[in-house]
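Structure, as structure tokens:
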Amino acid sequence: MNLVVDIGNSATKIAVFQSGELIDRTAFATKDFFKKFPVFFQNHPEIEQAILSSVVNEVPEIEKELQKHFELLILDQNTNLPFYNLYATPETLGKDRIALMAAAVGKYPSQNVLVIDAGTCITYDFKNDREEYLGGAISPGLEMRFRALNQFTSRLPLVRADEQEGLIGNSTEGSIRTGVVAGTTMEIEGFIDAYLSENKNLTVILTGGDTQILSMRVKNSIFANPNFLLEGLNCILEFNKTQ
Ligand SMILES: Nc1ncnc2c1ncn2[C@@H]1O[C@H](COP(=O)(O)OP(=O)(O)O)[C@@H](O)[C@H]1O
Ligand SMILES: CC(C)(COP(=O)(O)O)[C@@H](O)C(=O)NCCC(=O)O
């Protein structure tokens, strides 16, 4: 059994995989790790190996805690990967983006794949049918857009996404929701259309904390999979067992 740990900028996600299948997962604020992890671990004493991916700066205490219990692979720029990394600055590439590309290779080998991760930021990552990772894009996530409008103005309230928003917002809150949620949806559709125009056979995955709200709105054909990153971490762990 494998444990995978993904520390993002908003939340920590942990999951257990058995024979390639995700059998349990949980998510919590990273500051609660030492409260939440022991409870989760108690239910899975069979875990032997673990992988950790983090995009936040300091997690030595979490690393130590995991190393106490498991053989731990810390994902970094030197980890063996099942794809060719052509990013110009691999040393600064987010570990979460590496995991997403590993999932793309593991689940869609020999295909062009665009992975859109709607988390704190929205990342776009592309690998081609020769298993080459080329890069993509980084833009602000939904929560970040809502908070930026509130923080950088005097009069705009902090708004949250709601069930739906129209094309024409007819109130301050409605206008913000349209700008943020419909605007992000159009951004995503625009990126997908642009990638499609250059890559005829393209598989598109949407993942991250805002998968649900955005997958309901995006018109293009996509696979919504909120666990894609966790699955990629498991692929990397398995890949390194066989090296
Ligand atoms: N209950 C929730 N708590 C925090 N964020 C949430 C929640 N539900 C949805 N979200 C959205 O999910 C995003 C975080 O997604 P996630 O994939 O966990 O991000 P990260 O990997 O960057 O930590 C937030 O920016 C927010 O828009
Ligand atoms: C772009 C990110 C902040 C996304 O983080 P997330 O929204 O998943 O928490 C992260 O992948 C990161 O810190 N990247 C480093 C820069 C790069 O990938 O080039």
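Within each chain, counting starts at residue 1; across the structure tokens, chains are named A, B, ... in the order shown, with ligands numbered 1 upward in that order.
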
Considering only C-alpha atoms, return as a ChimeraX atom specification whatever protein or nucleic-acid residues lie within 12 Å of Thr89 (chain A), sequence-local ones (same chain, fewer than 5 positions apart) excluded. /A:77,94,134-135

Selection from above, N, CA and C atoms, as a short mmCIF file (atom, residue, chain, number, x, y, z; two decimals), in the first residue's frame, can you write it?
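Output contents, as saved in part-v1.cif:
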```
data_model
loop_
_atom_site.label_atom_id
_atom_site.label_comp_id
_atom_site.auth_asym_id
_atom_site.auth_seq_id
_atom_site.Cartn_x
_atom_site.Cartn_y
_atom_site.Cartn_z
N GLN A 77 13.53 17.80 -8.22
CA GLN A 77 13.94 17.88 -9.63
C GLN A 77 14.82 16.71 -10.06
N GLY A 94 6.91 23.57 -10.54
CA GLY A 94 6.12 23.09 -9.39
C GLY A 94 6.03 21.57 -9.38
N LEU A 134 6.14 19.93 -22.26
CA LEU A 134 6.64 21.17 -22.86
C LEU A 134 6.46 22.38 -21.94
N GLY A 135 5.46 22.35 -21.05
CA GLY A 135 5.17 23.50 -20.20
C GLY A 135 3.71 23.84 -20.30
#
```

For ligand 2, collect every residue having any atom at a distance of at most 10 Å from a ligand atom (counting only C-alpha atoms and all ligand atoms); output as JSON, numbers by chain. {"A": [6, 7, 8, 9, 10, 11, 12, 54, 55, 56, 57, 87, 88, 89, 90, 91, 92, 93, 94, 95, 96, 97, 98, 117, 118, 119, 120, 121, 122, 123, 124, 125, 135, 136, 137, 138, 139, 140, 141, 144, 208, 209, 229]}

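Counting from CA of Val115 (chain A), the distance to CA of Asn240 (chain A) is 22.5 Å.
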
Residue among A:Ser175, A:Asn43, A:Asn220, A:Asn225 lying closest to ligand 1, counting only C-alpha atoms and all ligand atoms: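 Among the listed residues, the smallest separation from ligand 1 belongs to A:Asn225.
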
Got a sec: who's within 12 Å of Gln67 (chain A), counting only C-alpha atoms, leaving out chain neighbours fewer than 3 positions off, as a ChimeraX atom specification? /A:3,48-52,60-64,70-74

Those same residues - N, CA and C atoms - I'd like them written as a JSON list (two decimals), in the first residue's frame.
```
[["chain", "number", "residue", "atom", "x", "y", "z"],
["A", 3, "LEU", "N", 1.16, 5.56, 0.40],
["A", 3, "LEU", "CA", 0.56, 6.81, 0.87],
["A", 3, "LEU", "C", 1.06, 7.93, -0.05],
["A", 48, "GLU", "N", 3.34, 1.06, 3.51],
["A", 48, "GLU", "CA", 4.79, 0.84, 3.66],
["A", 48, "GLU", "C", 5.60, 1.97, 3.06],
["A", 49, "GLN", "N", 5.13, 2.46, 1.89],
["A", 49, "GLN", "CA", 5.91, 3.48, 1.20],
["A", 49, "GLN", "C", 5.08, 4.73, 0.99],
["A", 50, "ALA", "N", 5.78, 5.86, 0.89],
["A", 50, "ALA", "CA", 5.05, 7.13, 0.75],
["A", 50, "ALA", "C", 5.79, 8.05, -0.20],
["A", 51, "ILE", "N", 5.04, 8.97, -0.79],
["A", 51, "ILE", "CA", 5.64, 10.01, -1.64],
["A", 51, "ILE", "C", 5.08, 11.35, -1.19],
["A", 52, "LEU", "N", 5.96, 12.36, -1.19],
["A", 52, "LEU", "CA", 5.54, 13.70, -0.77],
["A", 52, "LEU", "C", 5.86, 14.69, -1.87],
["A", 60, "PRO", "N", 9.80, 20.68, 6.75],
["A", 60, "PRO", "CA", 10.72, 19.67, 7.32],
["A", 60, "PRO", "C", 10.08, 18.83, 8.41],
["A", 61, "GLU", "N", 9.17, 19.43, 9.18],
["A", 61, "GLU", "CA", 8.54, 18.66, 10.26],
["A", 61, "GLU", "C", 7.65, 17.57, 9.69],
["A", 62, "ILE", "N", 6.97, 17.92, 8.61],
["A", 62, "ILE", "CA", 6.09, 16.92, 7.96],
["A", 62, "ILE", "C", 6.94, 15.82, 7.34],
["A", 63, "GLU", "N", 8.04, 16.20, 6.72],
["A", 63, "GLU", "CA", 8.95, 15.20, 6.13],
["A", 63, "GLU", "C", 9.42, 14.23, 7.22],
["A", 64, "LYS", "N", 9.83, 14.80, 8.35],
["A", 64, "LYS", "CA", 10.35, 13.96, 9.46],
["A", 64, "LYS", "C", 9.28, 13.01, 9.96],
["A", 70, "PHE", "N", 7.40, 5.62, 7.28],
["A", 70, "PHE", "CA", 7.47, 4.97, 5.95],
["A", 70, "PHE", "C", 8.82, 5.22, 5.28],
["A", 71, "GLU", "N", 9.03, 4.40, 4.24],
["A", 71, "GLU", "CA", 10.11, 4.69, 3.30],
["A", 71, "GLU", "C", 9.57, 5.84, 2.44],
["A", 72, "LEU", "N", 10.21, 7.00, 2.49],
["A", 72, "LEU", "CA", 9.61, 8.20, 1.87],
["A", 72, "LEU", "C", 10.38, 8.67, 0.65],
["A", 73, "LEU", "N", 9.65, 8.87, -0.46],
["A", 73, "LEU", "CA", 10.23, 9.51, -1.65],
["A", 73, "LEU", "C", 9.77, 10.96, -1.66],
["A", 74, "ILE", "N", 10.74, 11.89, -1.57],
["A", 74, "ILE", "CA", 10.38, 13.31, -1.65],
["A", 74, "ILE", "C", 10.56, 13.74, -3.10]]
```

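Distances from A:Leu100, A:Val204, A:Ile236, A:Ala182 to Met216 (chain A) were compared using only C-alpha atoms, and the smallest one belongs to A:Ala182.
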
Measuring atom to atom with only C-alpha atoms, identify which of A:Lys13, A:Lys127, A:His69, A:Arg217 is nearest to Gly183 (chain A).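 Checking each candidate against Gly183 (chain A), we get A:Arg217 as the closest.
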
Within 10 Å of region 16-27 of chain A, counting only C-alpha atoms, which residues qualify if same-chain residues fewer than 6 places away don't, as a ChimeraX atom specification? /A:1-7,33,36-37,40-41,43-44,46-47,50,227,230-231,234-235,238

Please produce a file of those selected residues containing N, CA and C atoms, as an mmCIF file, in the first residue's frame.
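selection19.cif written:
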```cif
data_model
loop_
_atom_site.group_PDB
_atom_site.id
_atom_site.type_symbol
_atom_site.label_atom_id
_atom_site.label_comp_id
_atom_site.auth_asym_id
_atom_site.auth_seq_id
_atom_site.Cartn_x
_atom_site.Cartn_y
_atom_site.Cartn_z
ATOM 1 N N MET A 1 0.841 -1.211 0.000
ATOM 2 C CA MET A 1 0.000 0.000 0.000
ATOM 3 C C MET A 1 0.871 1.254 0.000
ATOM 4 N N ASN A 2 0.449 2.246 -0.758
ATOM 5 C CA ASN A 2 1.204 3.504 -0.855
ATOM 6 C C ASN A 2 0.410 4.647 -0.231
ATOM 7 N N LEU A 3 1.160 5.561 0.398
ATOM 8 C CA LEU A 3 0.558 6.814 0.867
ATOM 9 C C LEU A 3 1.062 7.927 -0.046
ATOM 10 N N VAL A 4 0.171 8.773 -0.530
ATOM 11 C CA VAL A 4 0.621 9.933 -1.306
ATOM 12 C C VAL A 4 0.170 11.202 -0.589
ATOM 13 N N VAL A 5 1.085 12.170 -0.550
ATOM 14 C CA VAL A 5 0.826 13.431 0.172
ATOM 15 C C VAL A 5 1.107 14.583 -0.777
ATOM 16 N N ASP A 6 0.104 15.426 -0.964
ATOM 17 C CA ASP A 6 0.218 16.588 -1.863
ATOM 18 C C ASP A 6 -0.028 17.847 -1.044
ATOM 19 N N ILE A 7 1.026 18.638 -0.844
ATOM 20 C CA ILE A 7 0.857 19.894 -0.099
ATOM 21 C C ILE A 7 0.764 21.035 -1.106
ATOM 22 N N PHE A 33 -1.933 19.424 9.897
ATOM 23 C CA PHE A 33 -1.349 18.112 9.536
ATOM 24 C C PHE A 33 -1.195 17.199 10.751
ATOM 25 N N LYS A 36 -4.563 15.847 11.918
ATOM 26 C CA LYS A 36 -5.334 15.012 10.984
ATOM 27 C C LYS A 36 -4.587 13.737 10.561
ATOM 28 N N PHE A 37 -3.267 13.860 10.362
ATOM 29 C CA PHE A 37 -2.530 12.719 9.818
ATOM 30 C C PHE A 37 -2.578 11.484 10.716
ATOM 31 N N PHE A 40 -5.802 9.544 10.260
ATOM 32 C CA PHE A 40 -5.865 8.873 8.955
ATOM 33 C C PHE A 40 -4.950 7.642 8.962
ATOM 34 N N PHE A 41 -3.750 7.818 9.493
ATOM 35 C CA PHE A 41 -2.744 6.753 9.516
ATOM 36 C C PHE A 41 -3.230 5.550 10.329
ATOM 37 N N ASN A 43 -6.045 4.316 10.543
ATOM 38 C CA ASN A 43 -6.948 3.470 9.759
ATOM 39 C C ASN A 43 -6.225 2.686 8.665
ATOM 40 N N HIS A 44 -4.924 2.992 8.455
ATOM 41 C CA HIS A 44 -4.186 2.323 7.363
ATOM 42 C C HIS A 44 -2.805 1.879 7.824
ATOM 43 N N GLU A 46 -1.231 -0.646 7.161
ATOM 44 C CA GLU A 46 -0.507 -1.470 6.171
ATOM 45 C C GLU A 46 0.377 -0.655 5.231
ATOM 46 N N ILE A 47 0.300 0.676 5.296
ATOM 47 C CA ILE A 47 1.100 1.497 4.368
ATOM 48 C C ILE A 47 2.589 1.266 4.623
ATOM 49 N N ALA A 50 5.777 5.862 0.888
ATOM 50 C CA ALA A 50 5.046 7.132 0.746
ATOM 51 C C ALA A 50 5.791 8.049 -0.204
ATOM 52 N N ASN A 227 -8.972 13.748 -8.511
ATOM 53 C CA ASN A 227 -7.853 13.015 -7.890
ATOM 54 C C ASN A 227 -6.656 12.839 -8.817
ATOM 55 N N LEU A 230 -3.143 13.222 -7.289
ATOM 56 C CA LEU A 230 -2.824 12.134 -6.358
ATOM 57 C C LEU A 230 -2.474 10.870 -7.144
ATOM 58 N N GLU A 231 -3.199 10.625 -8.218
ATOM 59 C CA GLU A 231 -2.915 9.445 -9.049
ATOM 60 C C GLU A 231 -1.530 9.567 -9.688
ATOM 61 N N ASN A 234 1.115 8.646 -7.225
ATOM 62 C CA ASN A 234 1.214 7.190 -7.094
ATOM 63 C C ASN A 234 1.971 6.582 -8.276
ATOM 64 N N CYS A 235 1.742 7.111 -9.481
ATOM 65 C CA CYS A 235 2.485 6.635 -10.675
ATOM 66 C C CYS A 235 3.987 6.839 -10.472
ATOM 67 N N GLU A 238 5.380 4.304 -7.945
ATOM 68 C CA GLU A 238 5.484 2.965 -8.553
ATOM 69 C C GLU A 238 6.628 2.922 -9.566
#
```

So what do you get for CA of Glu198 (chain A) versus CA of Asn128 (chain A), distance-wise?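 If I compute the distance from CA of Glu198 (chain A) to CA of Asn128 (chain A), I get 11.2 Å.
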
Determine, counting only C-alpha atoms, which protein, DNA and RNA residues have an atom within 10 Å of an atom of Phe191 (chain A); residues of the same chain fewer than 2 positions away are not included. Present the result as a compact mmCIF listing (two decimals) with C-alpha atoms, in the first residue's frame.
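To be explicit, this is the file written out as out24.txt:
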```
# COMPACT_ATOMS: atom_id res chain seq x y z
CA LEU A 114 -3.64 19.10 -21.61
CA ILE A 116 -5.86 22.02 -16.22
CA TYR A 124 -2.15 24.45 -17.73
CA GLY A 136 1.93 25.48 -20.16
CA ALA A 137 0.65 28.44 -18.16
CA THR A 185 -14.58 29.57 -17.77
CA MET A 186 -13.92 31.55 -20.95
CA GLU A 187 -10.20 31.56 -20.21
CA ILE A 188 -10.25 27.78 -19.92
CA GLU A 189 -12.35 27.34 -23.07
CA ASP A 193 -9.61 25.79 -28.27
CA ALA A 194 -6.10 27.14 -28.88
CA TYR A 195 -4.48 23.80 -27.97
CA LEU A 196 -7.05 21.95 -30.10
CA SER A 197 -6.20 24.08 -33.11
```

What's the separation between CA of Val181 (chain A) and CA of Asn199 (chain A), in Å to one decimal place?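 Answer for the CA of Val181 (chain A) to CA of Asn199 (chain A) separation: 26.7 Å.
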
Using only C-alpha atoms, can you tell me which of A:Phe126, A:Phe34, A:Phe28, A:Phe83 comes closest to Val59 (chain A)?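 Nearest candidate to Val59 (chain A) out of A:Phe126, A:Phe34, A:Phe28, A:Phe83: A:Phe34.
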
Please return as a list in words: the residues of region 175-220 of chain A that backbone DSSP assigns to alpha helix (DSSP H).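 Here is the list: Ser175, Ile176, Arg177, Gly183, Thr184, Thr185, Met186, Glu187, Ile188, Glu189, Gly190, Phe191, Ile192, Asp193, Ala194, Tyr195, Leu196, Ser197, Glu198, Thr211, Gln212, Ile213, Leu214 and Ser215 of chain A.
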
For N, CA and C atoms, I'd like the residues from the last selection saved as a PDB file, in the first residue's frame.
```pdb
ATOM      1  N   SER A 175     -21.937  41.093 -10.844  1.00  0.00           N
ATOM      2  CA  SER A 175     -20.896  41.471 -11.817  1.00  0.00           C
ATOM      3  C   SER A 175     -19.566  40.824 -11.459  1.00  0.00           C
ATOM      4  N   ILE A 176     -19.286  40.763 -10.149  1.00  0.00           N
ATOM      5  CA  ILE A 176     -18.019  40.131  -9.728  1.00  0.00           C
ATOM      6  C   ILE A 176     -18.053  38.637 -10.067  1.00  0.00           C
ATOM      7  N   ARG A 177     -19.180  37.978  -9.752  1.00  0.00           N
ATOM      8  CA  ARG A 177     -19.285  36.533 -10.048  1.00  0.00           C
ATOM      9  C   ARG A 177     -19.127  36.277 -11.545  1.00  0.00           C
ATOM     10  N   GLY A 183     -15.601  34.553 -16.460  1.00  0.00           N
ATOM     11  CA  GLY A 183     -14.315  34.944 -17.064  1.00  0.00           C
ATOM     12  C   GLY A 183     -13.328  33.794 -17.045  1.00  0.00           C
ATOM     13  N   THR A 184     -13.250  33.085 -15.917  1.00  0.00           N
ATOM     14  CA  THR A 184     -12.326  31.938 -15.827  1.00  0.00           C
ATOM     15  C   THR A 184     -12.757  30.823 -16.780  1.00  0.00           C
ATOM     16  N   THR A 185     -14.073  30.603 -16.847  1.00  0.00           N
ATOM     17  CA  THR A 185     -14.583  29.573 -17.768  1.00  0.00           C
ATOM     18  C   THR A 185     -14.165  29.892 -19.201  1.00  0.00           C
ATOM     19  N   MET A 186     -14.307  31.162 -19.572  1.00  0.00           N
ATOM     20  CA  MET A 186     -13.919  31.553 -20.947  1.00  0.00           C
ATOM     21  C   MET A 186     -12.416  31.432 -21.152  1.00  0.00           C
ATOM     22  N   GLU A 187     -11.657  31.736 -20.113  1.00  0.00           N
ATOM     23  CA  GLU A 187     -10.199  31.562 -20.214  1.00  0.00           C
ATOM     24  C   GLU A 187      -9.877  30.095 -20.512  1.00  0.00           C
ATOM     25  N   ILE A 188     -10.516  29.211 -19.749  1.00  0.00           N
ATOM     26  CA  ILE A 188     -10.245  27.776 -19.922  1.00  0.00           C
ATOM     27  C   ILE A 188     -10.680  27.321 -21.319  1.00  0.00           C
ATOM     28  N   GLU A 189     -11.875  27.736 -21.727  1.00  0.00           N
ATOM     29  CA  GLU A 189     -12.349  27.338 -23.070  1.00  0.00           C
ATOM     30  C   GLU A 189     -11.417  27.888 -24.149  1.00  0.00           C
ATOM     31  N   GLY A 190     -10.938  29.109 -23.931  1.00  0.00           N
ATOM     32  CA  GLY A 190     -10.022  29.717 -24.915  1.00  0.00           C
ATOM     33  C   GLY A 190      -8.729  28.937 -25.026  1.00  0.00           C
ATOM     34  N   PHE A 191      -8.183  28.535 -23.873  1.00  0.00           N
ATOM     35  CA  PHE A 191      -6.944  27.744 -23.902  1.00  0.00           C
ATOM     36  C   PHE A 191      -7.191  26.405 -24.601  1.00  0.00           C
ATOM     37  N   ILE A 192      -8.303  25.747 -24.242  1.00  0.00           N
ATOM     38  CA  ILE A 192      -8.573  24.429 -24.853  1.00  0.00           C
ATOM     39  C   ILE A 192      -8.691  24.581 -26.364  1.00  0.00           C
ATOM     40  N   ASP A 193      -9.443  25.587 -26.818  1.00  0.00           N
ATOM     41  CA  ASP A 193      -9.606  25.792 -28.270  1.00  0.00           C
ATOM     42  C   ASP A 193      -8.259  26.048 -28.942  1.00  0.00           C
ATOM     43  N   ALA A 194      -7.411  26.834 -28.288  1.00  0.00           N
ATOM     44  CA  ALA A 194      -6.097  27.137 -28.879  1.00  0.00           C
ATOM     45  C   ALA A 194      -5.233  25.873 -28.970  1.00  0.00           C
ATOM     46  N   TYR A 195      -5.255  25.059 -27.923  1.00  0.00           N
ATOM     47  CA  TYR A 195      -4.479  23.803 -27.965  1.00  0.00           C
ATOM     48  C   TYR A 195      -5.057  22.862 -29.022  1.00  0.00           C
ATOM     49  N   LEU A 196      -6.408  22.830 -29.117  1.00  0.00           N
ATOM     50  CA  LEU A 196      -7.050  21.948 -30.099  1.00  0.00           C
ATOM     51  C   LEU A 196      -6.676  22.341 -31.521  1.00  0.00           C
ATOM     52  N   SER A 197      -6.517  23.648 -31.751  1.00  0.00           N
ATOM     53  CA  SER A 197      -6.203  24.079 -33.114  1.00  0.00           C
ATOM     54  C   SER A 197      -4.794  23.633 -33.514  1.00  0.00           C
ATOM     55  N   GLU A 198      -3.939  23.345 -32.523  1.00  0.00           N
ATOM     56  CA  GLU A 198      -2.577  22.893 -32.844  1.00  0.00           C
ATOM     57  C   GLU A 198      -2.397  21.388 -32.677  1.00  0.00           C
ATOM     58  N   THR A 211     -12.718  21.866  -9.481  1.00  0.00           N
ATOM     59  CA  THR A 211     -13.128  21.009 -10.607  1.00  0.00           C
ATOM     60  C   THR A 211     -14.626  21.075 -10.843  1.00  0.00           C
ATOM     61  N   GLN A 212     -15.384  20.915  -9.743  1.00  0.00           N
ATOM     62  CA  GLN A 212     -16.837  20.766  -9.923  1.00  0.00           C
ATOM     63  C   GLN A 212     -17.468  22.029 -10.520  1.00  0.00           C
ATOM     64  N   ILE A 213     -17.166  23.154  -9.906  1.00  0.00           N
ATOM     65  CA  ILE A 213     -17.806  24.400 -10.333  1.00  0.00           C
ATOM     66  C   ILE A 213     -17.433  24.731 -11.786  1.00  0.00           C
ATOM     67  N   LEU A 214     -16.207  24.408 -12.187  1.00  0.00           N
ATOM     68  CA  LEU A 214     -15.790  24.763 -13.549  1.00  0.00           C
ATOM     69  C   LEU A 214     -16.208  23.711 -14.557  1.00  0.00           C
ATOM     70  N   SER A 215     -16.210  22.438 -14.178  1.00  0.00           N
ATOM     71  CA  SER A 215     -16.567  21.404 -15.167  1.00  0.00           C
ATOM     72  C   SER A 215     -18.038  21.526 -15.567  1.00  0.00           C
TER      73      SER A 215
END
```

Residue nearest ligand 1 - candidates A:Leu149, A:Val113, A:Val218, A:Leu142, atoms counted: only C-alpha atoms and all ligand atoms: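 Nearest candidate to ligand 1 out of A:Leu149, A:Val113, A:Val218, A:Leu142: A:Leu142.
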
Which of region 35-234 of chain A end up as strand (DSSP E) when DSSP is run on this backbone - answer as an MDAnalysis selection string? chainID A and resid 49:54 71:74 84:85 112:118 121:127 132:140 202:207 223:224

Between A:Val39, A:Ala15, A:Leu202, A:Leu233, single out the one closest to Ser110 (chain A), counting only C-alpha atoms. A:Leu202

Tyr108 (chain A) surroundings by only C-alpha atoms, 9 Å radius, close-in-sequence under 5 positions cut, as a PyMOL selection string: chain A and resi 103+113+129+203

Just write the chosen residues, C-alpha atoms, as an mmCIF file, in the first residue's frame.
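This went into result.cif:
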```cif
data_model
loop_
_atom_site.group_PDB
_atom_site.id
_atom_site.type_symbol
_atom_site.label_atom_id
_atom_site.label_comp_id
_atom_site.auth_asym_id
_atom_site.auth_seq_id
_atom_site.Cartn_x
_atom_site.Cartn_y
_atom_site.Cartn_z
ATOM 1 C CA ALA A 103 -0.671 10.958 -14.364
ATOM 2 C CA VAL A 113 -2.813 15.699 -23.110
ATOM 3 C CA ASP A 129 2.195 11.889 -27.810
ATOM 4 C CA THR A 203 -7.342 14.755 -24.286
#
```
